[in-house]
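Chemist: Here it is, the structure in full.
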Protein chains: 2
Amino acid sequence: MTNHDNLTRNGLDLAQMQQTIGAIQQDPGIALFEFRARNQWINGGENRSTIKDFYGAKAEDNSRDKAFEFTNGEPPVLLGNNEGANPVEFLLHALAGCVTTTTVLHATARGIKIHKLATELKGKIDVQGLLAMDDRVPVGYESIQIRMHIEADCSDEELDDLISFARDHSPVCNTVCRPVPVSVERVRRVVAA
Amino acid sequence: MTNHDNLTRNGLDLAQMQQTIGAIQQDPGIALFEFRARNQWINGGENRSTIKDFYGAKAEDNSRDKAFEFTNGEPPVLLGNNEGANPVEFLLHALAGCVTTTTVLHATARGIKIHKLATELKGKIDVQGLLAMDDRVPVGYESIQIRMHIEADCSDEELDDLISFARDHSPVCNTVCRPVPVSVERVRRVVAA
């Protein structure tokens with residue numbers, strides 16, 4: 001495979017993609033991942049996550065020298081001081097990134113070169129759900145709209161098919177549009193922070 | 001209400017909380033929010049979001065002088081260079097923050113003082129879904145587990161009730177555990193990035 005090492009499309013290494021697919025075909029256990037985050041409450045609507053380790057391809061990952069850190073906050077109208085974006089905004093960031101990366105991945109697999117890709121997301125929430133003021137109001141986003149600006153070297157029909165395929169194969173999009181069980185377990189002994 | 005201005009619990013202003021609830025009771029339209037993100041693909045699995053404006057409490061928010069920026073990336077085993085945390089990890093950050101803030105909010109409403117609150121999240125994904133290798137594999141997270149370390153000035157029973165209530169009223173948690181429609185629309189004219 002060394003003769004393909006430097007071939008990339010849309011910034012993805014074609015030989016590495018082929019190798020990954022081939023390895024999973026041989027052993028589907030390689031495809032099982034466990035992602036993790038640790039979060040520490042600071043005060044009010046402010047809290048901070050650290051993200052570093054994960055399990056995947058049958059091993060603990062050790063590629064990151066230091067953890068990523070992200071701060072959730074709230075704007076004043078939601079009782080905060082803009083210490084960070086708020087959690088429902090971070091969800092939009094995750095969704096935008098996942099739909100984008102999934103589009104790029106499958107474009108690459110199809111031989112489509114992407115020149116530009118940008119998205120705008122909007123999601124509606126009635127905070128009466130959060131505040132437990134009205135049981136008839138959905139607690140989460142009512143719906144999320146993604147507008148995608150994309151330029152690629154293929155026909156409009158191929159683009160529409162690619163986007164639809166990416167929507168159906170984006171992990172974050174499918175975590176949102178399908179029901180995914182979330183359990184919250186209280187740990188009896190508090191570990192020192 | 002000026003005599004309550006400095007009363008806070010868990011970092012939340014009690015008078016402002018009461019005012020907000022009262023205002024929404026008078027006019028539920030105040031509770032309608034629209035959150036937004038804009039994302040720009042960079043290369044491969046790298047893309048960047050900007051988050052600044054939103055609509056809520058019947059007005060466009062203008063409390064943020066500059067936008068928050070977050071970069072999605074992928075680790076080498078997922079064809080990237082750790083340019084940032086990846087989208088499914090950002091989803092865990094959003095979920096951790098939302099469950100935490102919802103717990104703090106309802107603790108405050110119940111008169112419970114929280115001393116410490118930390119969470120650990122784990123979520124399992126089989127990337128055969130993303131790669132479209134096996135239609136029987138779920139594309140999103142199979143499930144997400146949250147372990148919550150919490151110390152507060154209340155009984156274990158009150159804590160368990162609080163945590164269960166927070167899970168049921170967290171917007172991100174309910175966006176994940178219930179199906180939320182996501183639409184992707186291709187914009188025909190590309191706007192310059």
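Numbering starts fresh at 1 for the residues of each chain in the structure tokens, the chains themselves are lettered A, B, ... in the order given, and ligands are numbered from 1 as they appear.
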Identify, on the basis of only C-alpha atoms, every residue whose closest approach to segment 173-190 of chain A does not exceed 8 Å; exclude the query and any residue fewer than 6 positions from it along the same chain; express the result as a ChimeraX atom specification.

Modeler: /A:95,98-99,167 /B:139-151,160,163-164,167,173,175-182

Chemist: Write out as a PyMOL selection string all residues of segment 11-131 of chain A that backbone DSSP assigns to strand (DSSP E).

Modeler: chain A and resi 12-13+32-43+46-51+54-56+59-60+68-72+114-126

Chemist: Restricting the output to C-alpha atoms, write the selected residues as a PDB file, in the first residue's frame.

Modeler:
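Printed below is result.pdb as written:
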ATOM      1  CA  LEU A  12      -8.454  12.288   3.524  1.00  0.00           C
ATOM      2  CA  ASP A  13      -5.772   9.655   2.881  1.00  0.00           C
ATOM      3  CA  LEU A  32     -16.418  -0.593  18.147  1.00  0.00           C
ATOM      4  CA  PHE A  33     -15.616   2.711  19.872  1.00  0.00           C
ATOM      5  CA  GLU A  34     -16.295   4.113  23.335  1.00  0.00           C
ATOM      6  CA  PHE A  35     -16.051   7.894  23.636  1.00  0.00           C
ATOM      7  CA  ARG A  36     -15.820   9.672  26.991  1.00  0.00           C
ATOM      8  CA  ALA A  37     -16.084  13.043  28.668  1.00  0.00           C
ATOM      9  CA  ARG A  38     -15.571  14.224  32.241  1.00  0.00           C
ATOM     10  CA  ASN A  39     -17.348  17.326  33.425  1.00  0.00           C
ATOM     11  CA  GLN A  40     -16.955  19.462  36.539  1.00  0.00           C
ATOM     12  CA  TRP A  41     -19.572  21.932  37.742  1.00  0.00           C
ATOM     13  CA  ILE A  42     -18.104  25.354  38.550  1.00  0.00           C
ATOM     14  CA  ASN A  43     -21.004  27.603  39.579  1.00  0.00           C
ATOM     15  CA  GLU A  46     -20.952  27.234  34.265  1.00  0.00           C
ATOM     16  CA  ASN A  47     -19.218  23.860  33.991  1.00  0.00           C
ATOM     17  CA  ARG A  48     -16.183  22.473  32.181  1.00  0.00           C
ATOM     18  CA  SER A  49     -15.468  19.239  30.320  1.00  0.00           C
ATOM     19  CA  THR A  50     -12.194  17.513  29.657  1.00  0.00           C
ATOM     20  CA  ILE A  51     -12.003  15.084  26.750  1.00  0.00           C
ATOM     21  CA  PHE A  54     -11.282   6.856  24.150  1.00  0.00           C
ATOM     22  CA  TYR A  55     -11.348   3.220  23.161  1.00  0.00           C
ATOM     23  CA  GLY A  56     -11.408   2.172  19.515  1.00  0.00           C
ATOM     24  CA  ALA A  59      -7.129  -0.390  21.931  1.00  0.00           C
ATOM     25  CA  GLU A  60      -7.088   2.590  24.268  1.00  0.00           C
ATOM     26  CA  PHE A  68      -9.347  19.190  25.155  1.00  0.00           C
ATOM     27  CA  GLU A  69     -11.245  21.506  27.529  1.00  0.00           C
ATOM     28  CA  PHE A  70     -14.583  23.155  26.843  1.00  0.00           C
ATOM     29  CA  THR A  71     -16.644  25.465  29.039  1.00  0.00           C
ATOM     30  CA  ASN A  72     -20.421  25.542  29.062  1.00  0.00           C
ATOM     31  CA  ILE A 114     -15.533  19.123  -2.542  1.00  0.00           C
ATOM     32  CA  HIS A 115     -14.471  22.726  -3.081  1.00  0.00           C
ATOM     33  CA  LYS A 116     -16.503  24.427  -0.335  1.00  0.00           C
ATOM     34  CA  LEU A 117     -18.852  23.264   2.376  1.00  0.00           C
ATOM     35  CA  ALA A 118     -20.503  25.466   4.975  1.00  0.00           C
ATOM     36  CA  THR A 119     -23.611  24.957   7.080  1.00  0.00           C
ATOM     37  CA  GLU A 120     -26.018  27.140   9.041  1.00  0.00           C
ATOM     38  CA  LEU A 121     -28.047  25.514  11.795  1.00  0.00           C
ATOM     39  CA  LYS A 122     -31.142  26.675  13.638  1.00  0.00           C
ATOM     40  CA  GLY A 123     -32.994  24.863  16.392  1.00  0.00           C
ATOM     41  CA  LYS A 124     -36.118  25.883  18.288  1.00  0.00           C
ATOM     42  CA  ILE A 125     -36.582  25.270  22.004  1.00  0.00           C
ATOM     43  CA  ASP A 126     -39.382  26.290  24.344  1.00  0.00           C
TER      44      ASP A 126
END

Chemist: Record the distance separating atom CA of Thr102 of chain A and atom CA of Leu159 of chain A, expressed in Å with one decimal.

Modeler: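 About the pair atom CA of Thr102 of chain A and atom CA of Leu159 of chain A: they are 13.2 Å apart.
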
Chemist: Let me make sure I understand: among B:Val137, B:Leu91, B:Ala67, B:Ile30, which one has the smallest atom-to-atom distance to chain A if we use only C-alpha atoms?

Modeler: B:Leu91

Chemist: What is the atom CA of Asp27 of chain A-atom CA of Met133 of chain B distance in Å, reported with one decimal?

Modeler: 12.2 Å

Chemist: Could you jot down the atom CA of Ala57 of chain B to atom CA of Phe90 of chain A separation for me, Å, one decimal place?

Modeler: 20.2 Å

Chemist: Can you pull out the residues contacting Ile21 of chain B? Cut-off 9 Å, using only C-alpha atoms, and skip same-chain residues under 4 positions away; I want them as number ranges by chain.

Modeler: A: 128, 131, 133; B: 16-17, 25-26

Chemist: Do a neighbour search on Asn81 of chain B at 10 Å with only C-alpha atoms, toss out local chain neighbours closer than 5 positions, and write the hits as a VMD selection string.

Modeler: (chain A and resid 63 to 64) or (chain B and resid 44 to 46 73 to 76)

Chemist: Just write the chosen residues, N, CA and C atoms, as a compact mmCIF listing (two decimals), in the first residue's frame.

Modeler:
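Result file follows (out_2.txt):
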# COMPACT_ATOMS: atom_id res chain seq x y z
N SER A 63 -3.14 8.92 21.34
CA SER A 63 -2.62 9.88 20.36
C SER A 63 -2.65 11.33 20.85
N ARG A 64 -3.32 11.57 21.98
CA ARG A 64 -3.47 12.95 22.44
C ARG A 64 -2.58 13.22 23.65
N GLY B 44 -10.56 17.59 5.23
CA GLY B 44 -10.71 16.27 5.85
C GLY B 44 -11.77 16.31 6.94
N GLY B 45 -11.41 15.84 8.13
CA GLY B 45 -12.34 15.81 9.26
C GLY B 45 -12.28 17.05 10.13
N GLU B 46 -11.70 18.13 9.60
CA GLU B 46 -11.58 19.37 10.38
C GLU B 46 -12.59 20.41 9.89
N GLY B 73 -12.35 17.97 15.04
CA GLY B 73 -11.30 17.23 14.36
C GLY B 73 -11.55 15.75 14.52
N GLU B 74 -10.58 14.96 14.16
CA GLU B 74 -10.66 13.50 14.35
C GLU B 74 -9.30 12.99 14.78
N PRO B 75 -9.24 11.96 15.58
CA PRO B 75 -7.95 11.34 15.92
C PRO B 75 -7.40 10.56 14.72
N PRO B 76 -6.11 10.23 14.75
CA PRO B 76 -5.50 9.50 13.62
C PRO B 76 -6.26 8.22 13.26

Chemist: Would you please give, as a PyMOL selection string, all residues of chain B that DSSP assigns to alpha helix (DSSP H) based on the backbone?

Modeler: chain B and resi 14-26+87-109+156-169+171-177

Chemist: Which of these residues is nearest to chain A, using only C-alpha atoms: B:Leu7, B:Val127, B:Leu14, B:Ile112?

Modeler: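 Ranking B:Leu7, B:Val127, B:Leu14, B:Ile112 by distance to chain A, first place goes to B:Val127.
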
Chemist: Do you know which residues are at most 12 Å from Lys66 of chain A counting only C-alpha atoms, after dropping those on the same chain fewer than 4 positions away, and could you put them as a VMD selection string?

Modeler: (chain A and resid 50 to 53 62) or (chain B and resid 82 84 to 85)

Chemist: Those same residues, written as a PDB file, in the first residue's frame with N, CA, C and O atoms?

Modeler:
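So the final result, stored in selection_38.pdb, reads:
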ATOM      1  N   THR A  50     -13.474  17.921  30.222  1.00  0.00           N
ATOM      2  CA  THR A  50     -12.194  17.513  29.657  1.00  0.00           C
ATOM      3  C   THR A  50     -12.435  16.235  28.860  1.00  0.00           C
ATOM      4  O   THR A  50     -13.172  15.346  29.284  1.00  0.00           O
ATOM      5  N   ILE A  51     -11.830  16.204  27.683  1.00  0.00           N
ATOM      6  CA  ILE A  51     -12.003  15.084  26.750  1.00  0.00           C
ATOM      7  C   ILE A  51     -10.621  14.685  26.251  1.00  0.00           C
ATOM      8  O   ILE A  51      -9.881  15.536  25.733  1.00  0.00           O
ATOM      9  N   LYS A  52     -10.259  13.447  26.448  1.00  0.00           N
ATOM     10  CA  LYS A  52      -8.928  13.011  26.006  1.00  0.00           C
ATOM     11  C   LYS A  52      -8.940  11.556  25.529  1.00  0.00           C
ATOM     12  O   LYS A  52      -8.766  11.274  24.361  1.00  0.00           O
ATOM     13  N   ASP A  53      -9.138  10.634  26.429  1.00  0.00           N
ATOM     14  CA  ASP A  53      -9.024   9.222  26.092  1.00  0.00           C
ATOM     15  C   ASP A  53     -10.297   8.681  25.452  1.00  0.00           C
ATOM     16  O   ASP A  53     -11.389   9.211  25.651  1.00  0.00           O
ATOM     17  N   ASN A  62      -3.932   6.575  22.452  1.00  0.00           N
ATOM     18  CA  ASN A  62      -2.913   7.359  23.178  1.00  0.00           C
ATOM     19  C   ASN A  62      -2.321   8.446  22.279  1.00  0.00           C
ATOM     20  O   ASN A  62      -1.174   8.854  22.436  1.00  0.00           O
TER      21      ASN A  62
ATOM     22  N   ASN B  82      -6.196  15.011  15.250  1.00  0.00           N
ATOM     23  CA  ASN B  82      -6.595  15.621  16.524  1.00  0.00           C
ATOM     24  C   ASN B  82      -6.640  17.148  16.428  1.00  0.00           C
ATOM     25  O   ASN B  82      -6.198  17.851  17.339  1.00  0.00           O
ATOM     26  N   GLY B  84      -9.126  18.857  16.799  1.00  0.00           N
ATOM     27  CA  GLY B  84     -10.049  19.226  17.878  1.00  0.00           C
ATOM     28  C   GLY B  84     -10.671  17.947  18.380  1.00  0.00           C
ATOM     29  O   GLY B  84     -10.373  16.861  17.868  1.00  0.00           O
ATOM     30  N   ALA B  85     -11.509  18.053  19.412  1.00  0.00           N
ATOM     31  CA  ALA B  85     -12.320  16.886  19.788  1.00  0.00           C
ATOM     32  C   ALA B  85     -13.204  16.559  18.595  1.00  0.00           C
ATOM     33  O   ALA B  85     -13.413  17.394  17.703  1.00  0.00           O
TER      34      ALA B  85
END
